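Visitor: Dropping in input.cif, with mmCIF, C-alpha atoms.
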data_work
#
loop_
_atom_site.label_atom_id
_atom_site.label_comp_id
_atom_site.auth_asym_id
_atom_site.auth_seq_id
_atom_site.Cartn_x
_atom_site.Cartn_y
_atom_site.Cartn_z
CA MET A 1 -13.41 59.59 31.43
CA LYS A 2 -16.88 58.03 31.20
CA LYS A 3 -18.40 61.17 32.71
CA MET A 4 -16.72 63.25 30.00
CA VAL A 5 -18.13 60.98 27.26
CA LEU A 6 -21.63 61.21 28.70
CA CYS A 7 -21.37 64.99 28.95
CA SER A 8 -20.23 65.19 25.32
CA LEU A 9 -23.24 63.12 24.25
CA LEU A 10 -25.60 65.48 26.02
CA LEU A 11 -23.82 68.51 24.55
CA MET A 12 -24.07 67.04 21.07
CA PHE A 13 -27.81 66.51 21.50
CA ILE A 14 -28.28 70.10 22.63
CA ILE A 15 -26.40 71.33 19.57
CA SER A 16 -28.29 69.05 17.16
CA ALA A 17 -31.67 69.82 18.74
CA SER A 18 -31.26 73.59 18.71
CA GLY A 19 -32.49 75.86 15.97
CA CYS A 20 -33.48 74.25 12.68
CA SER A 21 -32.08 70.86 13.58
CA ASN A 22 -33.75 68.90 10.82
CA ARG A 23 -31.62 70.35 8.05
CA VAL A 24 -28.16 71.70 7.31
CA TRP A 25 -28.01 75.29 6.10
CA ASP A 26 -26.68 76.11 2.67
CA ARG A 27 -23.27 77.72 2.35
CA GLU A 28 -23.34 80.94 0.35
CA GLN A 29 -20.39 80.05 -1.86
CA VAL A 30 -22.16 77.01 -3.34
CA SER A 31 -24.71 77.82 -6.02
CA PRO A 32 -28.01 75.88 -6.17
CA GLU A 33 -27.04 74.09 -9.36
CA GLN A 34 -23.83 72.83 -7.74
CA LYS A 35 -25.46 71.59 -4.56
CA ILE A 36 -26.32 67.93 -3.96
CA VAL A 37 -29.22 67.58 -1.53
CA ILE A 38 -29.59 64.29 0.31
CA LYS A 39 -32.73 63.72 2.35
CA PHE A 40 -32.14 61.41 5.31
CA SER A 41 -35.39 60.19 6.88
CA HIS A 42 -35.73 58.22 10.10
CA VAL A 43 -38.43 57.49 12.68
CA VAL A 44 -36.80 57.97 16.10
CA ALA A 45 -36.11 60.96 18.30
CA GLU A 46 -33.04 63.16 17.89
CA ASN A 47 -31.73 62.28 21.36
CA THR A 48 -31.20 58.63 20.42
CA PRO A 49 -28.08 56.96 18.99
CA LYS A 50 -29.48 56.99 15.46
CA GLY A 51 -30.82 60.53 15.74
CA MET A 52 -27.52 61.91 17.02
CA ALA A 53 -25.46 59.97 14.47
CA ALA A 54 -27.61 61.25 11.60
CA GLN A 55 -27.01 64.84 12.71
CA ARG A 56 -23.29 64.21 13.08
CA PHE A 57 -23.17 62.70 9.60
CA ALA A 58 -24.92 65.74 8.15
CA ARG A 59 -22.54 68.22 9.78
CA GLU A 60 -19.40 66.31 8.80
CA VAL A 61 -20.54 65.95 5.19
CA GLN A 62 -21.25 69.67 4.93
CA GLU A 63 -17.84 70.49 6.38
CA ARG A 64 -15.82 68.12 4.22
CA THR A 65 -17.58 68.98 0.97
CA ASP A 66 -17.42 72.75 1.64
CA GLY A 67 -21.20 72.90 1.42
CA ARG A 68 -21.41 71.09 -1.91
CA VAL A 69 -23.49 68.34 -0.28
CA GLU A 70 -26.37 69.21 2.04
CA VAL A 71 -27.79 66.36 4.12
CA GLN A 72 -31.26 67.24 5.37
CA VAL A 73 -32.21 65.07 8.36
CA PHE A 74 -35.88 64.39 9.06
CA PRO A 75 -36.32 62.63 12.45
CA ASN A 76 -39.38 61.35 14.31
CA SER A 77 -41.26 60.24 11.17
CA SER A 78 -41.58 63.91 10.20
CA LEU A 79 -41.22 62.97 6.53
CA TYR A 80 -42.07 59.27 6.28
CA ALA A 81 -43.32 56.80 8.88
CA ASP A 82 -42.67 53.12 9.45
CA GLY A 83 -43.84 51.14 6.47
CA GLU A 84 -43.38 54.11 4.11
CA GLU A 85 -39.61 54.64 4.14
CA MET A 86 -38.59 51.75 1.88
CA GLN A 87 -41.03 52.78 -0.85
CA ALA A 88 -39.89 56.41 -0.53
CA LEU A 89 -36.28 55.33 -0.94
CA GLN A 90 -37.13 53.16 -3.92
CA ASP A 91 -39.08 56.01 -5.53
CA GLY A 92 -36.29 58.53 -4.95
CA ALA A 93 -38.34 60.70 -2.57
CA VAL A 94 -35.52 60.30 -0.05
CA GLN A 95 -31.91 59.29 -0.57
CA ILE A 96 -30.96 57.69 2.77
CA ILE A 97 -32.97 55.89 5.44
CA ALA A 98 -31.90 53.88 8.47
CA PRO A 99 -34.59 51.29 9.22
CA ALA A 100 -34.32 48.78 12.02
CA THR A 101 -33.12 45.41 10.78
CA SER A 102 -36.47 43.99 11.94
CA LYS A 103 -38.31 46.03 9.33
CA LEU A 104 -36.41 44.44 6.46
CA GLY A 105 -37.65 40.91 7.14
CA GLY A 106 -40.84 41.25 5.10
CA LEU A 107 -38.99 42.19 1.91
CA PHE A 108 -35.71 40.38 2.58
CA PRO A 109 -36.37 37.12 4.49
CA TYR A 110 -32.71 36.54 5.43
CA TRP A 111 -32.85 39.57 7.72
CA GLN A 112 -35.27 37.78 10.04
CA VAL A 113 -32.33 36.00 11.67
CA MET A 114 -31.31 39.30 13.31
CA ASP A 115 -34.54 39.21 15.35
CA LEU A 116 -33.96 35.80 16.89
CA PRO A 117 -33.99 36.13 20.70
CA PHE A 118 -30.67 35.48 22.46
CA ALA A 119 -28.89 35.03 19.13
CA PHE A 120 -26.15 37.43 20.19
CA GLN A 121 -24.32 37.53 23.49
CA ASP A 122 -23.42 41.21 23.19
CA THR A 123 -22.81 43.95 20.63
CA ASN A 124 -19.32 42.60 19.92
CA ALA A 125 -20.95 39.37 18.76
CA VAL A 126 -23.34 41.37 16.57
CA HIS A 127 -20.49 43.32 14.97
CA GLN A 128 -18.53 40.13 14.38
CA ALA A 129 -21.50 38.56 12.63
CA LEU A 130 -22.23 41.59 10.46
CA ASP A 131 -18.58 42.06 9.55
CA GLY A 132 -18.28 38.41 8.49
CA SER A 133 -20.04 35.97 6.20
CA ILE A 134 -23.44 36.52 7.84
CA GLY A 135 -23.31 40.22 7.09
CA GLN A 136 -22.15 39.53 3.55
CA GLU A 137 -25.16 37.30 2.86
CA LEU A 138 -27.51 39.89 4.32
CA THR A 139 -26.10 42.82 2.36
CA GLU A 140 -26.09 40.82 -0.87
CA SER A 141 -29.82 40.21 -0.43
CA LEU A 142 -30.28 43.99 -0.39
CA GLU A 143 -28.05 44.67 -3.38
CA ASN A 144 -29.95 42.10 -5.42
CA GLN A 145 -33.04 44.31 -4.99
CA GLY A 146 -31.36 47.63 -5.77
CA PHE A 147 -30.31 48.86 -2.32
CA ILE A 148 -26.87 49.40 -0.83
CA ALA A 149 -26.02 49.09 2.86
CA LEU A 150 -23.74 51.96 3.84
CA ALA A 151 -23.33 51.02 7.50
CA PHE A 152 -24.75 49.15 10.47
CA TRP A 153 -25.65 51.29 13.47
CA ASP A 154 -26.39 50.08 16.99
CA ASN A 155 -29.26 50.97 19.21
CA GLY A 156 -28.76 48.25 21.80
CA PHE A 157 -30.48 45.25 23.30
CA LYS A 158 -34.20 45.21 23.97
CA GLN A 159 -35.96 45.09 27.31
CA LEU A 160 -39.59 44.33 28.16
CA THR A 161 -42.00 46.86 29.63
CA ASN A 162 -45.63 46.38 30.57
CA ASN A 163 -48.39 47.83 32.70
CA MET A 164 -49.83 44.65 34.19
CA ARG A 165 -47.30 42.73 36.31
CA PRO A 166 -43.60 42.02 36.80
CA ILE A 167 -42.19 39.75 34.09
CA VAL A 168 -39.49 37.36 35.24
CA THR A 169 -40.29 33.97 33.69
CA PRO A 170 -41.45 33.19 30.14
CA GLY A 171 -44.85 32.22 31.52
CA ASP A 172 -45.41 35.78 32.75
CA LEU A 173 -46.14 36.85 29.16
CA GLN A 174 -49.28 34.72 29.02
CA GLY A 175 -52.32 36.71 27.94
CA LEU A 176 -50.58 40.10 27.56
CA ARG A 177 -50.89 42.33 24.47
CA PHE A 178 -47.50 43.42 23.14
CA ARG A 179 -46.56 45.78 20.36
CA VAL A 180 -44.16 44.37 17.79
CA MET A 181 -42.37 46.04 14.90
CA MET A 182 -44.06 45.87 11.55
CA ASN A 183 -42.89 43.27 9.02
CA SER A 184 -41.21 40.96 11.54
CA SER A 185 -42.61 37.43 11.65
CA VAL A 186 -39.96 36.42 14.17
CA LEU A 187 -41.03 39.04 16.70
CA GLN A 188 -44.68 38.10 16.34
CA GLU A 189 -43.96 34.40 16.80
CA GLN A 190 -41.59 35.15 19.70
CA PHE A 191 -44.49 36.49 21.76
CA ARG A 192 -47.20 34.18 20.46
CA MET A 193 -45.31 31.02 21.36
CA LEU A 194 -45.27 32.21 24.99
CA GLY A 195 -48.99 32.96 25.04
CA ALA A 196 -48.93 36.71 24.41
CA ARG A 197 -50.90 38.52 21.72
CA THR A 198 -49.17 40.87 19.29
CA ILE A 199 -50.14 44.12 17.60
CA PRO A 200 -47.81 45.36 14.82
CA LEU A 201 -47.57 49.15 15.06
CA PRO A 202 -45.46 52.00 13.71
CA PHE A 203 -43.01 53.24 16.33
CA ASN A 204 -44.57 56.68 16.70
CA ASP A 205 -47.98 55.17 17.60
CA VAL A 206 -46.71 53.11 20.52
CA TYR A 207 -46.95 55.73 23.28
CA ARG A 208 -50.55 56.59 22.41
CA TYR A 209 -51.62 52.93 22.43
CA LEU A 210 -49.88 52.33 25.75
CA GLU A 211 -51.42 55.44 27.25
CA LYS A 212 -54.93 54.30 26.27
CA ASN A 213 -54.27 50.72 27.47
CA GLN A 214 -54.84 49.40 23.97
CA LEU A 215 -51.49 47.74 24.55
CA ILE A 216 -50.20 46.20 27.76
CA GLY A 217 -46.53 46.19 26.86
CA GLN A 218 -43.75 46.56 24.34
CA GLU A 219 -40.09 45.65 23.80
CA ASN A 220 -37.42 48.23 23.16
CA THR A 221 -33.98 49.50 23.99
CA ILE A 222 -33.30 51.70 26.98
CA SER A 223 -32.64 54.75 24.80
CA ASN A 224 -35.98 54.37 23.01
CA ILE A 225 -37.87 53.72 26.24
CA TYR A 226 -36.40 56.86 27.75
CA SER A 227 -36.50 59.20 24.76
CA LYS A 228 -40.12 58.30 23.96
CA LYS A 229 -41.08 58.47 27.65
CA PHE A 230 -42.63 54.99 27.66
CA TYR A 231 -41.78 54.85 31.36
CA GLN A 232 -44.58 57.38 31.96
CA VAL A 233 -47.20 54.85 30.85
CA GLN A 234 -45.52 51.57 31.83
CA LYS A 235 -45.21 50.43 35.43
CA TYR A 236 -42.84 47.48 35.01
CA MET A 237 -39.60 46.99 33.09
CA THR A 238 -37.51 43.83 32.87
CA ILE A 239 -33.87 43.92 31.79
CA THR A 240 -33.74 40.86 29.57
CA ASN A 241 -31.33 41.86 26.77
CA HIS A 242 -33.20 39.24 24.78
CA GLY A 243 -32.95 40.75 21.32
CA TYR A 244 -30.69 43.08 19.39
CA LEU A 245 -32.04 46.27 17.82
CA GLY A 246 -29.86 47.86 15.19
CA TYR A 247 -30.19 49.81 11.97
CA VAL A 248 -29.05 49.52 8.39
CA VAL A 249 -28.13 52.85 6.79
CA LEU A 250 -29.54 52.35 3.31
CA ALA A 251 -29.29 54.14 -0.02
CA ASN A 252 -30.86 53.48 -3.38
CA LYS A 253 -28.06 51.80 -5.37
CA ASP A 254 -28.84 53.58 -8.65
CA TYR A 255 -28.80 56.95 -6.90
CA TRP A 256 -25.59 56.14 -5.05
CA ASP A 257 -23.85 55.04 -8.23
CA SER A 258 -24.92 58.28 -9.94
CA LEU A 259 -23.00 60.43 -7.44
CA PRO A 260 -19.57 61.75 -8.47
CA GLN A 261 -16.79 59.46 -7.30
CA ASP A 262 -15.19 62.11 -5.09
CA ILE A 263 -18.51 62.63 -3.29
CA GLN A 264 -18.98 58.90 -2.84
CA ASP A 265 -15.51 58.69 -1.32
CA ILE A 266 -16.24 61.49 1.17
CA LEU A 267 -19.62 60.04 2.11
CA ASN A 268 -18.08 56.60 2.65
CA GLU A 269 -15.29 58.09 4.74
CA VAL A 270 -17.71 60.07 6.91
CA ILE A 271 -20.18 57.22 7.38
CA ALA A 272 -17.37 54.91 8.48
CA GLU A 273 -16.13 57.39 11.08
CA VAL A 274 -19.64 58.20 12.30
CA THR A 275 -20.37 54.49 12.64
CA VAL A 276 -17.45 54.01 15.02
CA TRP A 277 -18.66 57.01 17.03
CA GLU A 278 -22.26 55.78 16.95
CA HIS A 279 -21.39 52.35 18.36
CA GLU A 280 -19.66 53.97 21.32
CA ALA A 281 -22.39 56.57 21.79
CA ALA A 282 -25.15 53.94 21.76
CA ALA A 283 -23.55 52.03 24.62
CA GLU A 284 -22.92 55.18 26.64
CA LEU A 285 -26.38 56.61 26.00
CA ASN A 286 -28.14 53.41 27.03
CA GLU A 287 -26.15 53.41 30.26
CA LEU A 288 -26.93 57.07 30.88
CA TYR A 289 -30.66 56.56 30.33
CA PHE A 290 -30.73 53.37 32.40
CA ASN A 291 -29.29 55.27 35.35
CA ALA A 292 -31.95 57.95 34.81
CA LEU A 293 -34.73 55.33 34.72
CA GLN A 294 -33.52 53.82 37.97
CA GLU A 295 -34.21 57.16 39.62
CA LYS A 296 -37.83 57.21 38.46
CA ASP A 297 -40.36 56.37 41.18
CA ASN A 298 -43.10 55.29 38.79
CA VAL A 299 -41.33 52.32 37.16
CA GLU A 300 -40.33 49.06 38.82
CA ILE A 301 -37.21 47.49 37.27
CA ALA A 302 -36.28 43.81 37.43
CA ILE A 303 -32.99 42.42 36.12
CA LEU A 304 -32.88 38.79 35.00
CA THR A 305 -30.26 36.59 36.62
CA PRO A 306 -28.07 34.33 34.42
CA GLU A 307 -30.22 31.38 35.49
CA GLU A 308 -33.42 33.20 34.52
CA ARG A 309 -31.93 34.21 31.17
CA LYS A 310 -31.11 30.58 30.49
CA LEU A 311 -34.79 29.67 31.00
CA TRP A 312 -35.82 32.30 28.46
CA ASP A 313 -33.19 31.13 26.00
CA GLU A 314 -34.42 27.55 26.24
CA ALA A 315 -38.05 28.65 25.82
CA PHE A 316 -37.19 30.39 22.56
CA ARG A 317 -35.12 27.61 20.98
CA PRO A 318 -38.01 26.23 18.88
CA LEU A 319 -37.96 29.51 16.95
CA TYR A 320 -34.60 28.60 15.45
CA ASN A 321 -35.90 25.40 13.88
CA TYR A 322 -39.15 27.07 12.84
CA PHE A 323 -37.50 29.90 10.94
CA GLY A 324 -34.51 27.88 9.80
CA ARG A 325 -36.83 25.82 7.62
CA ARG A 326 -38.54 28.95 6.27
CA VAL A 327 -35.58 31.26 5.72
CA SER A 328 -32.28 29.43 5.24
CA VAL A 329 -31.00 26.34 7.00
CA ASP A 330 -27.41 27.28 6.12
CA LEU A 331 -27.75 30.83 7.43
CA MET A 332 -29.39 29.57 10.61
CA HIS A 333 -26.50 27.15 11.06
CA GLU A 334 -24.07 30.08 10.82
CA ILE A 335 -26.05 32.02 13.43
CA LEU A 336 -26.02 29.06 15.82
CA GLN A 337 -22.29 28.52 15.28
CA GLN A 338 -21.63 32.18 16.00
CA LYS A 339 -23.82 31.99 19.10
CA GLU A 340 -21.93 29.00 20.50
CA GLN A 341 -18.58 30.58 19.73
CA SER A 342 -19.62 33.74 21.52
CA LYS A 343 -20.66 31.76 24.59
CA LEU A 344 -17.26 30.09 24.70
CA THR A 345 -15.47 33.42 24.31
CA THR A 346 -17.43 35.28 26.99
CA GLY A 347 -18.33 32.38 29.26
CA GLY A 348 -21.98 33.37 28.94
CA GLU A 349 -24.97 31.13 29.38
CA THR A 350 -26.92 32.36 26.39
#
When written as structure tokens, how does the structure in this file appear?
Guide:
Amino acid sequence: MKKMVLCSLLLMFIISASGCSNRVWDREQVSPEQKIVIKFSHVVAENTPKGMAAQRFAREVQERTDGRVEVQVFPNSSLYADGEEMQALQDGAVQIIAPATSKLGGLFPYWQVMDLPFAFQDTNAVHQALDGSIGQELTESLENQGFIALAFWDNGFKQLTNNMRPIVTPGDLQGLRFRVMMNSSVLQEQFRMLGARTIPLPFNDVYRYLEKNQLIGQENTISNIYSKKFYQVQKYMTITNHGYLGYVVLANKDYWDSLPQDIQDILNEVIAEVTVWEHEAAAELNELYFNALQEKDNVEIAILTPEERKLWDEAFRPLYNYFGRRVSVDLMHEILQQKEQSKLTTGGET
């Protein structure tokens, strides 16, 4: 069964990547004045969970609206890059984006809690948090500024790669230069408190900086490491699962409210179904790419033991107090409660 799912993921990528894959073709029976065009911009490759889900969303919307709505998907920062998407959405230059939760922290401080290392035991814990009161507080912070969260999409948990030495203990980060996502104070402090230096960079610049040794390492999910070929310029990878990387599918609230109700209903229906598919695909794709990375001769992979993970978790605990005072003590308390509950449920150490 798992083999069939993996094969279907690869088939879907081939379909979405073939031909003019960054847009959906018009249907002849829909006149230009009837058509609603939605530009969906994102910064990752098409063969990633987000890239594949965006293409699936576009196809399903075209089918269910009989071509009345055309979703044009622009992957790989082909339209707007990191740091530009939010302004483009606000200005109406695009209608949907799907930024990483980390990139919302600069504008919406509450979202910084999603970057806390070892805050979530697994993706089930993430979904539980986002479906509950934590997610409600986070989405309300967006709505107060004129944005609406349509869905939460998974990428997975982040791993560490570098080109200097194996990383097993927190002290192994000392002196290394790591790329971090833009607009995330938590991610910068996460590395700095362990003696590493940080360089905030747009996602599409990371490979070039690694290749030229302007960076020593970076953190990312397996699917991003594989799809962007970071393994070609990084000798060591450590499976830490230290931080969650997910996306918020965002729309401008005024634009969304201006859509006809029947179109809103279809879009909501499709995004809900695609989200369920995307969560499953993200897990399967990360597993598929991890198996592929294990077969590479040029990358050395270490997997933290439960005892080693516990050391990392303890090393990062001061971050919770640090950002609790700066963001929201109450929200941080909810995160810690959820973390402890998840440990009891799964029997995990972190």
Visitor: Could you tell me how far CA of Asp313 in chain A sits from CA of Gln232 in chain A, in Å to one decimal place?
Guide: 29.2 Å
Visitor: Kindly indicate which residue among A:Met114, A:Ser184, A:Ile97, A:Ala251 lies nearest to His127 in chain A, using only C-alpha atoms for the distances.
Guide: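 For His127 in chain A, the nearest of the candidates is A:Met114.
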Visitor: Specify as a list in words each residue included when the PyMOL selection byres ((chain A and resi 298-303) around 9) is applied to this file.
Guide: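 Evaluating the PyMOL selection byres ((chain A and resi 298-303) around 9) on this file yields Pro166, Ile167, Val168, Tyr231, Gln232, Val233, Gln234, Lys235, Tyr236, Met237, Thr238, Ile239, Thr240, Leu293, Gln294, Glu295, Lys296, Asp297, Leu304 and Thr305 of chain A.
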Visitor: Which polymer residues, protein or nucleic acid, are no farther than 8 Å from (-33.0, 49.4, -0.9), counting all atoms listed in the file, as JSON, numbers by chain?
Guide: {"A": [86, 89, 90, 142, 143, 145, 146, 147, 148, 149, 250, 251, 252, 253]}
Visitor: Keeping only C-alpha atoms, write those residues as an mmCIF file, in the coordinates of the input.
Guide:
data_model
loop_
_atom_site.group_PDB
_atom_site.id
_atom_site.type_symbol
_atom_site.label_atom_id
_atom_site.label_comp_id
_atom_site.auth_asym_id
_atom_site.auth_seq_id
_atom_site.Cartn_x
_atom_site.Cartn_y
_atom_site.Cartn_z
ATOM 1 C CA MET A 86 -38.590 51.750 1.880
ATOM 2 C CA LEU A 89 -36.280 55.330 -0.940
ATOM 3 C CA GLN A 90 -37.130 53.160 -3.920
ATOM 4 C CA LEU A 142 -30.280 43.990 -0.390
ATOM 5 C CA GLU A 143 -28.050 44.670 -3.380
ATOM 6 C CA GLN A 145 -33.040 44.310 -4.990
ATOM 7 C CA GLY A 146 -31.360 47.630 -5.770
ATOM 8 C CA PHE A 147 -30.310 48.860 -2.320
ATOM 9 C CA ILE A 148 -26.870 49.400 -0.830
ATOM 10 C CA ALA A 149 -26.020 49.090 2.860
ATOM 11 C CA LEU A 250 -29.540 52.350 3.310
ATOM 12 C CA ALA A 251 -29.290 54.140 -0.020
ATOM 13 C CA ASN A 252 -30.860 53.480 -3.380
ATOM 14 C CA LYS A 253 -28.060 51.800 -5.370
#
Visitor: Care to translate the PyMOL selection byres ((chain A and resi 264) around 12) into actual residues of this file, as a ChimeraX atom specification?
Guide: /A:36,61,65,69,150,251,253,255-263,265-271
Visitor: Name the residues that the PyMOL selection byres ((chain A and resi 318-324) around 12) picks from the file above, as an MDAnalysis selection string, using the file's chain letters and numbers.
Guide: chainID A and resid 105 109:119 184:194 312:317 325:336 339
Visitor: Identify, on the basis of only C-alpha atoms, every residue whose closest approach to range 77-84 of chain A does not exceed 9 Å; exclude the query and any residue fewer than 4 positions from it along the same chain; express the result as a list in words.
Guide: Ser41, His42, Val43, Val44, Ala45, Ala88, Leu89, Pro99, Lys103, Met181, Met182, Asn183, Leu201, Pro202, Phe203 and Asn204 of chain A
Visitor: From the list A:Ile96, A:Val249, A:Pro170, A:Val276, which residue is nearest Lys310 in chain A when using all atoms listed in the file?
Guide: A:Pro170
Visitor: Rounded to one decimal in Å, what is the spacing between CA of Glu219 in chain A and CA of Ala129 in chain A?
Guide: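 We find that CA of Glu219 in chain A and CA of Ala129 in chain A lie 22.8 Å from each other.
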Visitor: Using all atoms listed in the file, which of the listed residues (A:Ala282, A:Phe178, A:Phe230, A:Asn155) sits closest to Gly217 in chain A?
Guide: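 Result for the nearest residue to Gly217 in chain A: A:Phe178.
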Visitor: What is the CA of Lys343 in chain A to CA of Thr123 in chain A distance in Å?
Guide: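 Separation between CA of Lys343 in chain A and CA of Thr123 in chain A: 13.0 Å.
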Visitor: Have a look at A:Ala125, A:Ala53, A:Leu107, A:Ala93 and name the one nearest to Thr345 in chain A; count all atoms listed in the file.
Guide: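 Under the stated criterion, the closest residue is A:Ala125.
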Visitor: Please, what is the axis-aligned box for every listed atom of range 188-195 of chain A with 6 Å on each side, as centre and edge lengths in Å to one decimal, as AutoDock Vina command-line options?
Guide:
--center_x -45.3 --center_y 34.6 --center_z 20.7 --size_x 19.4 --size_y 19.1 --size_z 20.7
Visitor: Given all atoms listed in the file as the basis, pick out the residue of A:Val73, A:Leu176, A:Ile38, A:Leu130 nearest to Gly92 in chain A.
Guide: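 Between A:Val73, A:Leu176, A:Ile38, A:Leu130, the residue approaching Gly92 in chain A most closely is A:Ile38.
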Visitor: Write out as JSON, numbers by chain each polymer residue whose atoms come within 7 Å of Gly195 in chain A, counting all atoms listed in the file; drop sequence neighbours fewer than 4 positions from it.
Guide: {"A": [173, 174, 175, 191]}
Visitor: Using all atoms listed in the file for the distances, tell me which of A:Tyr207, A:Ser227, A:Asn220, A:Phe120 is nearest to Ala292 in chain A.
Guide: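 Answer, going by the shortest atom-to-atom distance: A:Ser227.
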